$ cat entry-v7.pdb   # PDB, C-alpha atoms
ATOM      1  CA  MET H 256     -27.158 -23.719 -58.102
ATOM      2  CA  GLY H 257     -25.439 -27.096 -58.149
ATOM      3  CA  ASP H 258     -26.283 -30.383 -56.476
ATOM      4  CA  ALA H 259     -23.685 -32.715 -54.994
ATOM      5  CA  GLN H 260     -22.496 -33.537 -58.526
ATOM      6  CA  GLY H 261     -22.851 -29.939 -59.757
ATOM      7  CA  THR H 262     -25.645 -30.855 -62.183
ATOM      8  CA  LEU H 263     -28.600 -28.678 -61.141
ATOM      9  CA  ALA H 264     -29.372 -25.070 -61.980
ATOM     10  CA  VAL H 265     -32.374 -22.748 -61.811
ATOM     11  CA  ARG H 266     -33.849 -21.094 -64.903
ATOM     12  CA  CYS H 267     -36.268 -18.391 -63.792
ATOM     13  CA  ALA H 268     -38.369 -15.484 -64.967
ATOM     14  CA  MET H 269     -39.908 -12.596 -63.038
ATOM     15  CA  GLN H 270     -42.895 -10.462 -64.003
ATOM     16  CA  SER H 271     -44.662  -7.648 -62.160
ATOM     17  CA  ASP H 272     -47.655  -5.520 -63.099
ATOM     18  CA  ILE H 273     -49.297  -2.566 -61.381
ATOM     19  CA  GLY H 274     -52.753  -4.037 -62.021
ATOM     20  CA  LEU H 275     -55.793  -2.089 -63.137
ATOM     21  CA  HIS H 276     -56.736  -0.129 -60.018
ATOM     22  CA  ARG H 277     -53.558   0.895 -58.167
ATOM     23  CA  GLU H 278     -51.641   4.147 -58.612
ATOM     24  CA  GLY H 279     -48.273   2.563 -57.828
ATOM     25  CA  ASN H 280     -46.620  -0.828 -57.465
ATOM     26  CA  GLU H 281     -45.887  -1.714 -53.831
ATOM     27  CA  ASP H 282     -44.537  -5.171 -54.745
ATOM     28  CA  SER H 283     -40.798  -5.811 -54.917
ATOM     29  CA  ALA H 284     -39.048  -8.955 -56.102
ATOM     30  CA  TYR H 285     -35.626 -10.443 -56.732
ATOM     31  CA  ALA H 286     -34.588 -13.350 -58.949
ATOM     32  CA  GLY H 287     -30.922 -14.298 -58.778
ATOM     33  CA  ALA H 288     -28.881 -17.445 -59.257
ATOM     34  CA  ARG H 289     -29.483 -18.672 -55.690
ATOM     35  CA  LEU H 290     -32.117 -16.356 -54.205
ATOM     36  CA  LEU H 291     -35.734 -15.770 -55.217
ATOM     37  CA  ALA H 292     -37.936 -13.400 -53.238
ATOM     38  CA  VAL H 293     -41.314 -11.662 -53.477
ATOM     39  CA  ALA H 294     -42.466  -8.948 -51.061
ATOM     40  CA  ASP H 295     -45.854  -7.217 -51.082
ATOM     41  CA  GLY H 296     -45.734  -3.885 -49.283
ATOM     42  CA  MET H 297     -48.521  -2.085 -47.470
ATOM     43  CA  GLY H 298     -48.946   1.220 -45.717
ATOM     44  CA  GLY H 299     -49.976   3.773 -48.310
ATOM     45  CA  HIS H 300     -48.226   7.081 -49.111
ATOM     46  CA  ALA H 301     -45.370   5.070 -50.698
ATOM     47  CA  GLY H 302     -44.807   3.260 -47.384
ATOM     48  CA  GLY H 303     -45.515  -0.135 -48.884
ATOM     49  CA  GLU H 304     -43.097   0.426 -51.720
ATOM     50  CA  VAL H 305     -40.416   1.558 -49.274
ATOM     51  CA  ALA H 306     -40.975  -1.449 -46.996
ATOM     52  CA  SER H 307     -40.931  -4.116 -49.690
ATOM     53  CA  ALA H 308     -37.874  -2.613 -51.393
ATOM     54  CA  ALA H 309     -35.978  -2.362 -48.095
ATOM     55  CA  VAL H 310     -36.637  -5.995 -47.235
ATOM     56  CA  ILE H 311     -35.588  -7.240 -50.660
ATOM     57  CA  GLU H 312     -32.430  -5.109 -50.385
ATOM     58  CA  ALA H 313     -31.634  -6.705 -47.016
ATOM     59  CA  LEU H 314     -31.825 -10.172 -48.586
ATOM     60  CA  HIS H 315     -29.564  -9.403 -51.588
ATOM     61  CA  PRO H 316     -26.341 -10.509 -49.831
ATOM     62  CA  LEU H 317     -27.741 -14.050 -49.570
ATOM     63  CA  ASP H 318     -27.467 -14.520 -53.348
ATOM     64  CA  THR H 319     -24.095 -16.183 -52.968
ATOM     65  CA  GLU H 320     -22.523 -19.387 -51.664
ATOM     66  CA  VAL H 321     -24.376 -20.322 -48.456
ATOM     67  CA  PRO H 322     -23.554 -23.756 -46.965
ATOM     68  CA  ALA H 323     -26.562 -26.093 -47.035
ATOM     69  CA  GLY H 324     -26.454 -26.507 -43.279
ATOM     70  CA  GLU H 325     -26.777 -22.744 -42.789
ATOM     71  CA  LEU H 326     -29.676 -21.965 -45.154
ATOM     72  CA  LEU H 327     -32.378 -21.487 -42.550
ATOM     73  CA  SER H 328     -30.216 -19.568 -40.091
ATOM     74  CA  ALA H 329     -29.009 -17.304 -42.912
ATOM     75  CA  LEU H 330     -32.598 -16.590 -43.964
ATOM     76  CA  ASP H 331     -33.702 -16.006 -40.389
ATOM     77  CA  HIS H 332     -30.853 -13.593 -39.699
ATOM     78  CA  ALA H 333     -31.454 -11.715 -42.958
ATOM     79  CA  VAL H 334     -35.136 -11.262 -42.197
ATOM     80  CA  ARG H 335     -34.353  -9.959 -38.718
ATOM     81  CA  ARG H 336     -31.861  -7.513 -40.235
ATOM     82  CA  ALA H 337     -34.623  -6.440 -42.595
ATOM     83  CA  SER H 338     -36.981  -5.842 -39.678
ATOM     84  CA  SER H 339     -34.347  -3.701 -37.973
ATOM     85  CA  ALA H 340     -33.890  -1.741 -41.207
ATOM     86  CA  LEU H 341     -37.631  -1.004 -41.283
ATOM     87  CA  ARG H 342     -37.496   0.291 -37.712
ATOM     88  CA  GLU H 343     -34.625   2.600 -38.637
ATOM     89  CA  ILE H 344     -36.498   3.929 -41.670
ATOM     90  CA  VAL H 345     -39.528   4.793 -39.549
ATOM     91  CA  LEU H 346     -37.337   6.516 -36.952
ATOM     92  CA  GLU H 347     -35.917   8.684 -39.711
ATOM     93  CA  ASP H 348     -39.324   9.348 -41.284
ATOM     94  CA  PRO H 349     -42.226   8.961 -38.809
ATOM     95  CA  SER H 350     -44.741   9.529 -41.633
ATOM     96  CA  LEU H 351     -43.989   5.933 -42.664
ATOM     97  CA  LEU H 352     -45.203   4.514 -39.342
ATOM     98  CA  GLY H 353     -47.480   1.555 -40.026
ATOM     99  CA  MET H 354     -45.791   0.440 -43.227
ATOM    100  CA  GLY H 355     -44.971  -3.228 -43.628
ATOM    101  CA  THR H 356     -44.535  -6.013 -46.128
ATOM    102  CA  THR H 357     -45.035  -9.703 -46.696
ATOM    103  CA  LEU H 358     -42.051 -11.830 -47.704
ATOM    104  CA  THR H 359     -41.689 -15.214 -49.335
ATOM    105  CA  ALA H 360     -38.149 -16.201 -50.336
ATOM    106  CA  LEU H 361     -36.271 -19.296 -51.488
ATOM    107  CA  LEU H 362     -32.520 -19.784 -51.078
ATOM    108  CA  TRP H 363     -30.590 -22.620 -52.741
ATOM    109  CA  SER H 364     -27.426 -24.451 -51.784
ATOM    110  CA  GLY H 365     -26.702 -27.561 -53.793
ATOM    111  CA  SER H 366     -29.994 -29.428 -53.979
ATOM    112  CA  GLN H 367     -31.105 -28.027 -50.608
ATOM    113  CA  LEU H 368     -33.691 -25.280 -50.636
ATOM    114  CA  GLY H 369     -34.460 -22.989 -47.710
ATOM    115  CA  LEU H 370     -37.766 -21.126 -47.530
ATOM    116  CA  VAL H 371     -38.753 -18.176 -45.344
ATOM    117  CA  HIS H 372     -42.333 -16.920 -45.306
ATOM    118  CA  ILE H 373     -44.249 -14.116 -43.574
ATOM    119  CA  GLY H 374     -47.717 -12.918 -44.614
ATOM    120  CA  ASP H 375     -49.840 -13.941 -47.586
ATOM    121  CA  SER H 376     -47.475 -14.004 -50.530
ATOM    122  CA  ARG H 377     -47.044 -17.640 -51.511
ATOM    123  CA  ALA H 378     -44.705 -20.325 -52.809
ATOM    124  CA  TYR H 379     -45.899 -23.277 -54.880
ATOM    125  CA  LEU H 380     -44.088 -26.431 -55.990
ATOM    126  CA  VAL H 381     -44.893 -28.182 -59.264
ATOM    127  CA  ARG H 382     -43.727 -31.796 -59.157
ATOM    128  CA  ASP H 383     -44.776 -34.962 -61.019
ATOM    129  CA  GLY H 384     -47.721 -33.261 -62.683
ATOM    130  CA  GLU H 385     -49.187 -31.773 -59.504
ATOM    131  CA  VAL H 386     -49.150 -28.305 -57.946
ATOM    132  CA  PHE H 387     -48.656 -27.923 -54.193
ATOM    133  CA  GLN H 388     -48.870 -24.752 -52.120
ATOM    134  CA  ILE H 389     -45.874 -24.996 -49.779
ATOM    135  CA  THR H 390     -46.539 -21.877 -47.688
ATOM    136  CA  HIS H 391     -49.334 -21.184 -45.213
ATOM    137  CA  ASP H 392     -51.056 -17.804 -45.302
ATOM    138  CA  HIS H 393     -50.705 -15.710 -42.147
ATOM    139  CA  THR H 394     -54.221 -14.279 -42.457
ATOM    140  CA  LEU H 395     -57.343 -14.125 -40.331
ATOM    141  CA  VAL H 396     -59.296 -16.040 -42.947
ATOM    142  CA  GLN H 397     -56.705 -18.836 -43.082
ATOM    143  CA  SER H 398     -56.862 -19.157 -39.291
ATOM    144  CA  LEU H 399     -60.665 -19.379 -39.450
ATOM    145  CA  LEU H 400     -60.329 -22.018 -42.159
ATOM    146  CA  ASP H 401     -57.787 -23.983 -40.103
ATOM    147  CA  GLU H 402     -60.166 -23.934 -37.131
ATOM    148  CA  GLY H 403     -63.074 -25.166 -39.254
ATOM    149  CA  LYS H 404     -65.089 -22.003 -38.646
ATOM    150  CA  ILE H 405     -65.524 -21.264 -42.364
ATOM    151  CA  THR H 406     -65.394 -23.307 -45.564
ATOM    152  CA  ALA H 407     -62.952 -22.892 -48.446
ATOM    153  CA  GLY H 408     -65.783 -21.373 -50.479
ATOM    154  CA  GLU H 409     -66.511 -18.845 -47.747
ATOM    155  CA  ALA H 410     -62.811 -18.047 -47.434
ATOM    156  CA  ALA H 411     -62.564 -17.130 -51.124
ATOM    157  CA  SER H 412     -65.166 -14.367 -50.771
ATOM    158  CA  HIS H 413     -64.633 -13.374 -47.141
ATOM    159  CA  PRO H 414     -64.595  -9.559 -46.738
ATOM    160  CA  GLN H 415     -61.502  -9.777 -44.507
ATOM    161  CA  ARG H 416     -59.550 -12.257 -46.624
ATOM    162  CA  SER H 417     -56.610  -9.828 -46.921
ATOM    163  CA  LEU H 418     -56.314  -9.106 -43.186
ATOM    164  CA  LEU H 419     -52.821 -10.205 -42.144
ATOM    165  CA  LEU H 420     -51.920 -11.737 -38.792
ATOM    166  CA  GLN H 421     -48.189 -11.435 -39.515
ATOM    167  CA  ALA H 422     -46.081  -9.100 -41.609
ATOM    168  CA  LEU H 423     -42.623  -7.552 -41.530
ATOM    169  CA  SER H 424     -43.135  -4.109 -40.018
ATOM    170  CA  GLY H 425     -40.317  -3.687 -37.542
ATOM    171  CA  GLY H 426     -42.257  -5.309 -34.707
ATOM    172  CA  HIS H 427     -42.531  -8.868 -33.388
ATOM    173  CA  PHE H 428     -42.894 -11.677 -35.932
ATOM    174  CA  GLU H 429     -42.229 -15.405 -36.187
ATOM    175  CA  PRO H 430     -41.346 -16.401 -39.741
ATOM    176  CA  ASP H 431     -42.084 -19.836 -41.138
ATOM    177  CA  LEU H 432     -38.803 -21.561 -42.036
ATOM    178  CA  GLN H 433     -38.687 -24.775 -44.078
ATOM    179  CA  LEU H 434     -36.024 -26.921 -45.723
ATOM    180  CA  HIS H 435     -36.804 -28.728 -48.987
ATOM    181  CA  GLU H 436     -34.933 -31.019 -51.350
ATOM    182  CA  ALA H 437     -35.007 -29.761 -54.941
ATOM    183  CA  ARG H 438     -35.279 -32.273 -57.775
ATOM    184  CA  LEU H 439     -34.539 -32.038 -61.475
ATOM    185  CA  GLY H 440     -37.789 -31.122 -63.234
ATOM    186  CA  ASP H 441     -39.293 -29.243 -60.287
ATOM    187  CA  ARG H 442     -40.912 -25.870 -60.912
ATOM    188  CA  TYR H 443     -41.424 -23.234 -58.218
ATOM    189  CA  LEU H 444     -43.773 -20.268 -58.246
ATOM    190  CA  LEU H 445     -43.523 -17.301 -55.893
ATOM    191  CA  SER H 446     -46.400 -14.835 -56.062
ATOM    192  CA  SER H 447     -47.888 -11.817 -54.347
ATOM    193  CA  ASP H 448     -51.563 -12.111 -53.441
ATOM    194  CA  GLY H 449     -52.493  -9.982 -56.432
ATOM    195  CA  LEU H 450     -52.200 -13.214 -58.395
ATOM    196  CA  HIS H 451     -53.634 -15.962 -56.213
ATOM    197  CA  GLN H 452     -56.426 -13.857 -54.690
ATOM    198  CA  VAL H 453     -57.787 -13.294 -58.200
ATOM    199  CA  ALA H 454     -56.806 -16.219 -60.426
ATOM    200  CA  ASP H 455     -58.406 -19.541 -59.522
ATOM    201  CA  ALA H 456     -56.196 -22.473 -58.570
ATOM    202  CA  ASP H 457     -57.157 -24.573 -61.616
ATOM    203  CA  SER H 458     -56.219 -21.819 -64.063
ATOM    204  CA  MET H 459     -52.893 -21.236 -62.327
ATOM    205  CA  ALA H 460     -52.158 -24.960 -62.338
ATOM    206  CA  ARG H 461     -52.967 -25.214 -66.049
ATOM    207  CA  VAL H 462     -50.404 -22.522 -66.866
ATOM    208  CA  LEU H 463     -47.752 -24.012 -64.594
ATOM    209  CA  LEU H 464     -48.237 -27.513 -66.010
ATOM    210  CA  THR H 465     -48.542 -26.695 -69.710
ATOM    211  CA  ILE H 466     -46.375 -23.637 -70.448
ATOM    212  CA  ALA H 467     -42.786 -24.844 -70.563
ATOM    213  CA  ASP H 468     -41.026 -21.486 -70.880
ATOM    214  CA  PRO H 469     -40.770 -19.757 -67.459
ATOM    215  CA  ASP H 470     -41.034 -16.260 -68.935
ATOM    216  CA  GLN H 471     -44.180 -17.090 -70.901
ATOM    217  CA  ALA H 472     -45.653 -18.885 -67.892
ATOM    218  CA  ALA H 473     -45.064 -15.798 -65.725
ATOM    219  CA  LYS H 474     -46.670 -13.562 -68.372
ATOM    220  CA  ASP H 475     -49.670 -15.883 -68.640
ATOM    221  CA  LEU H 476     -50.118 -15.893 -64.858
ATOM    222  CA  ILE H 477     -50.113 -12.080 -64.816
ATOM    223  CA  ALA H 478     -52.701 -12.145 -67.608
ATOM    224  CA  LEU H 479     -54.965 -14.374 -65.496
ATOM    225  CA  ALA H 480     -55.032 -11.759 -62.752
ATOM    226  CA  ILE H 481     -55.569  -8.911 -65.208
ATOM    227  CA  ASP H 482     -58.442 -10.823 -66.843
ATOM    228  CA  GLY H 483     -59.903 -11.248 -63.352
ATOM    229  CA  GLY H 484     -60.024  -7.490 -62.838
ATOM    230  CA  GLY H 485     -56.460  -6.838 -61.635
ATOM    231  CA  PRO H 486     -57.508  -5.153 -58.368
ATOM    232  CA  ASP H 487     -54.010  -5.292 -56.862
ATOM    233  CA  ASN H 488     -50.363  -5.270 -57.901
ATOM    234  CA  ILE H 489     -49.345  -8.635 -59.351
ATOM    235  CA  THR H 490     -45.866 -10.142 -59.077
ATOM    236  CA  CYS H 491     -44.651 -13.658 -59.761
ATOM    237  CA  ILE H 492     -41.431 -15.591 -60.244
ATOM    238  CA  VAL H 493     -41.432 -18.926 -62.094
ATOM    239  CA  ALA H 494     -38.278 -21.003 -61.544
ATOM    240  CA  ASP H 495     -37.441 -24.341 -63.144
ATOM    241  CA  VAL H 496     -34.859 -26.759 -61.760
ATOM    242  CA  VAL H 497     -32.837 -27.805 -64.806
ATOM    243  CA  THR H 498     -29.556 -29.504 -65.712
ATOM    244  CA  ALA H 499     -26.661 -27.109 -65.356
ATOM    245  CA  PRO H 500     -24.503 -26.497 -68.420
ATOM    246  CA  GLU H 501     -21.185 -28.271 -68.252
ATOM    247  CA  THR H 502     -18.204 -26.137 -67.340
ATOM    248  CA  PRO H 503     -15.381 -26.662 -69.841
ATOM    249  CA  ALA H 504     -12.266 -28.184 -68.356
ATOM    250  CA  PRO H 505      -9.380 -25.698 -68.128
ATOM    251  CA  ASP H 506      -6.678 -26.024 -70.764
ATOM    252  CA  PRO H 507      -3.545 -27.691 -69.447
ATOM    253  CA  ALA H 508      -0.771 -25.236 -68.685
TER
END

$ encode --input "entry-v7.pdb" --output "structure tokens"
Amino acid sequence: MGDAQGTLAVRCAMQSDIGLHREGNEDSAYAGARLLAVADGMGGHAGGEVASAAVIEALHPLDTEVPAGELLSALDHAVRRASSALREIVLEDPSLLGMGTTLTALLWSGSQLGLVHIGDSRAYLVRDGEVFQITHDHTLVQSLLDEGKITAGEAASHPQRSLLLQALSGGHFEPDLQLHEARLGDRYLLSSDGLHQVADADSMARVLLTIADPDQAAKDLIALAIDGGGPDNITCIVADVVTAPETPAPDPA
């Protein structure tokens, strides 16, 4: 990506692991020059894998030049196309009824960053030595936490902590859409809940703040979840906002 002066770019790495207890990987992800996305499928009998892959496929065309003023509308339209695609898949194969997926995606244009979020995959921002979660989980436990009915400690061990209130499944949904301003030196993390449901926030922050190489940071984050028992598929993308390499001036004719 480039900012107004064409000086920003994203250097990213993506890692995914089946975990220690799953027979297949229902996560899908995409890391391109302008689009980053993580989707965590659900539904069993390969339905989750189908759903997450279909949604990521529907977002692929966004990895191009999107005007900054159109980021959120482009994301919104793409997600609604993805929902329609899921409906069509189920019509063709009714055995996939009930499949669905989470989605957390970032789309850049200049220094503007659009975010779309549905479910309990997450996006984090690392800035000025601090780590911020910039998405809000669409889960029953998060709603109970928001209402003050349970504590953060109770939320971490709640038996229904993975129960989603929203997902992409071809039905009604209201995605969260946000616009952010990217800065040189920022780091973003996108992750499926196989990471953040297992690895504690302090350990994740330590990796994000101390491991400079995005690929090694992504590998270390996966290792945290594996060390914690790896009960689910684990997917993460680590993306650093860096200075873009200079484009050589064309030779005079």

$ closest_residue --input "entry-v7.pdb" --among "H:Gln452, H:Ser446, H:Thr356, H:Ser338" --to "His413 (chain H)" --atoms "only C-alpha atoms"
H:Gln452

$ atom_distance --input "entry-v7.pdb" --atom1 "CA of Val305 (chain H)" --atom2 "CA of Ser339 (chain H)"
13.9 Å

$ closest_atom_pairs --input "entry-v7.pdb" --of "region 338-367 of chain H" --to "region 261-271 of chain H" --cutoff "10 Å" --atoms "all atoms listed in the file" --output "CSV"
residue,atom,partner,partner_atom,distance
H:Trp363,CA,H:Val265,CA,9.2
H:Gly365,CA,H:Gly261,CA,7.5
H:Ser366,CA,H:Leu263,CA,7.3

$ write_last_selection --input "entry-v7.pdb" --atoms "C-alpha atoms" --output "PDB file, keeping the file's coordinate frame"
ATOM      1  CA  TRP H 363     -30.590 -22.620 -52.741  1.00  0.00           C
ATOM      2  CA  GLY H 365     -26.702 -27.561 -53.793  1.00  0.00           C
ATOM      3  CA  SER H 366     -29.994 -29.428 -53.979  1.00  0.00           C
TER       4      SER H 366
END

$ resolve_selection --input "entry-v7.pdb" --expression "the PyMOL selection byres ((chain H and resi 463) around 10)" --output "PyMOL selection string"
chain H and resi 379-381+384-386+442-444+457-462+464-469+472-473+475-476+493

$ write_last_selection --input "entry-v7.pdb" --atoms "C-alpha atoms" --output "PDB file, in the frame of the given file"
ATOM      1  CA  TYR H 379     -45.899 -23.277 -54.880  1.00  0.00           C
ATOM      2  CA  LEU H 380     -44.088 -26.431 -55.990  1.00  0.00           C
ATOM      3  CA  VAL H 381     -44.893 -28.182 -59.264  1.00  0.00           C
ATOM      4  CA  GLY H 384     -47.721 -33.261 -62.683  1.00  0.00           C
ATOM      5  CA  GLU H 385     -49.187 -31.773 -59.504  1.00  0.00           C
ATOM      6  CA  VAL H 386     -49.150 -28.305 -57.946  1.00  0.00           C
ATOM      7  CA  ARG H 442     -40.912 -25.870 -60.912  1.00  0.00           C
ATOM      8  CA  TYR H 443     -41.424 -23.234 -58.218  1.00  0.00           C
ATOM      9  CA  LEU H 444     -43.773 -20.268 -58.246  1.00  0.00           C
ATOM     10  CA  ASP H 457     -57.157 -24.573 -61.616  1.00  0.00           C
ATOM     11  CA  SER H 458     -56.219 -21.819 -64.063  1.00  0.00           C
ATOM     12  CA  MET H 459     -52.893 -21.236 -62.327  1.00  0.00           C
ATOM     13  CA  ALA H 460     -52.158 -24.960 -62.338  1.00  0.00           C
ATOM     14  CA  ARG H 461     -52.967 -25.214 -66.049  1.00  0.00           C
ATOM     15  CA  VAL H 462     -50.404 -22.522 -66.866  1.00  0.00           C
ATOM     16  CA  LEU H 464     -48.237 -27.513 -66.010  1.00  0.00           C
ATOM     17  CA  THR H 465     -48.542 -26.695 -69.710  1.00  0.00           C
ATOM     18  CA  ILE H 466     -46.375 -23.637 -70.448  1.00  0.00           C
ATOM     19  CA  ALA H 467     -42.786 -24.844 -70.563  1.00  0.00           C
ATOM     20  CA  ASP H 468     -41.026 -21.486 -70.880  1.00  0.00           C
ATOM     21  CA  PRO H 469     -40.770 -19.757 -67.459  1.00  0.00           C
ATOM     22  CA  ALA H 472     -45.653 -18.885 -67.892  1.00  0.00           C
ATOM     23  CA  ALA H 473     -45.064 -15.798 -65.725  1.00  0.00           C
ATOM     24  CA  ASP H 475     -49.670 -15.883 -68.640  1.00  0.00           C
ATOM     25  CA  LEU H 476     -50.118 -15.893 -64.858  1.00  0.00           C
ATOM     26  CA  VAL H 493     -41.432 -18.926 -62.094  1.00  0.00           C
TER      27      VAL H 493
END

$ atom_distance --input "entry-v7.pdb" --atom1 "CA of Leu346 (chain H)" --atom2 "CA of Asp295 (chain H)"
21.5 Å

$ closest_residue --input "entry-v7.pdb" --among "H:Leu432, H:Ile389, H:Ile273, H:Ala284" --to "Leu327 (chain H)" --atoms "all atoms listed in the file"
H:Leu432

$ resolve_selection --input "entry-v7.pdb" --expression "the PyMOL selection byres ((chain H and resi 337) around 9)" --output "list of chain:residue names"
H:Ala309, H:Val310, H:Ile311, H:Glu312, H:Ala313, H:Leu314, H:His332, H:Ala333, H:Val334, H:Arg335, H:Arg336, H:Ser338, H:Ser339, H:Ala340, H:Leu341, H:Arg342, H:Leu423, H:Gly425

$ closest_residue --input "entry-v7.pdb" --among "H:Val396, H:Ala437, H:Ile373, H:Leu361" --to "Gln415 (chain H)" --atoms "only C-alpha atoms"
H:Val396

$ atom_distance --input "entry-v7.pdb" --atom1 "CA of Cys491 (chain H)" --atom2 "CA of Lys474 (chain H)"
8.8 Å

$ closest_residue --input "entry-v7.pdb" --among "H:Thr319, H:Ser447, H:Gln367, H:Ser398" --to "Thr490 (chain H)" --atoms "all atoms listed in the file"
H:Ser447

$ residues_around --input "entry-v7.pdb" --residues "Leu395 (chain H)" --least-positions-apart "3" --cutoff "9 Å" --atoms "all atoms listed in the file" --output "short mmCIF file (atom, residue, chain, number, x, y, z; two decimals) with C-alpha atoms, keeping the file's coordinate frame"
data_model
loop_
_atom_site.label_atom_id
_atom_site.label_comp_id
_atom_site.auth_asym_id
_atom_site.auth_seq_id
_atom_site.Cartn_x
_atom_site.Cartn_y
_atom_site.Cartn_z
CA ASP H 392 -51.06 -17.80 -45.30
CA SER H 398 -56.86 -19.16 -39.29
CA LEU H 399 -60.66 -19.38 -39.45
CA LEU H 400 -60.33 -22.02 -42.16
CA GLN H 415 -61.50 -9.78 -44.51
CA ARG H 416 -59.55 -12.26 -46.62
CA SER H 417 -56.61 -9.83 -46.92
CA LEU H 418 -56.31 -9.11 -43.19
CA LEU H 419 -52.82 -10.20 -42.14
CA LEU H 420 -51.92 -11.74 -38.79
#

$ residues_near_point --input "entry-v7.pdb" --point "(-53.7, -8.6, -59.5)" --cutoff "7 Å" --atoms "all atoms listed in the file" --output "JSON, numbers by chain"
{"H": [274, 449, 450, 453, 480, 481, 485, 486, 487, 488, 489]}
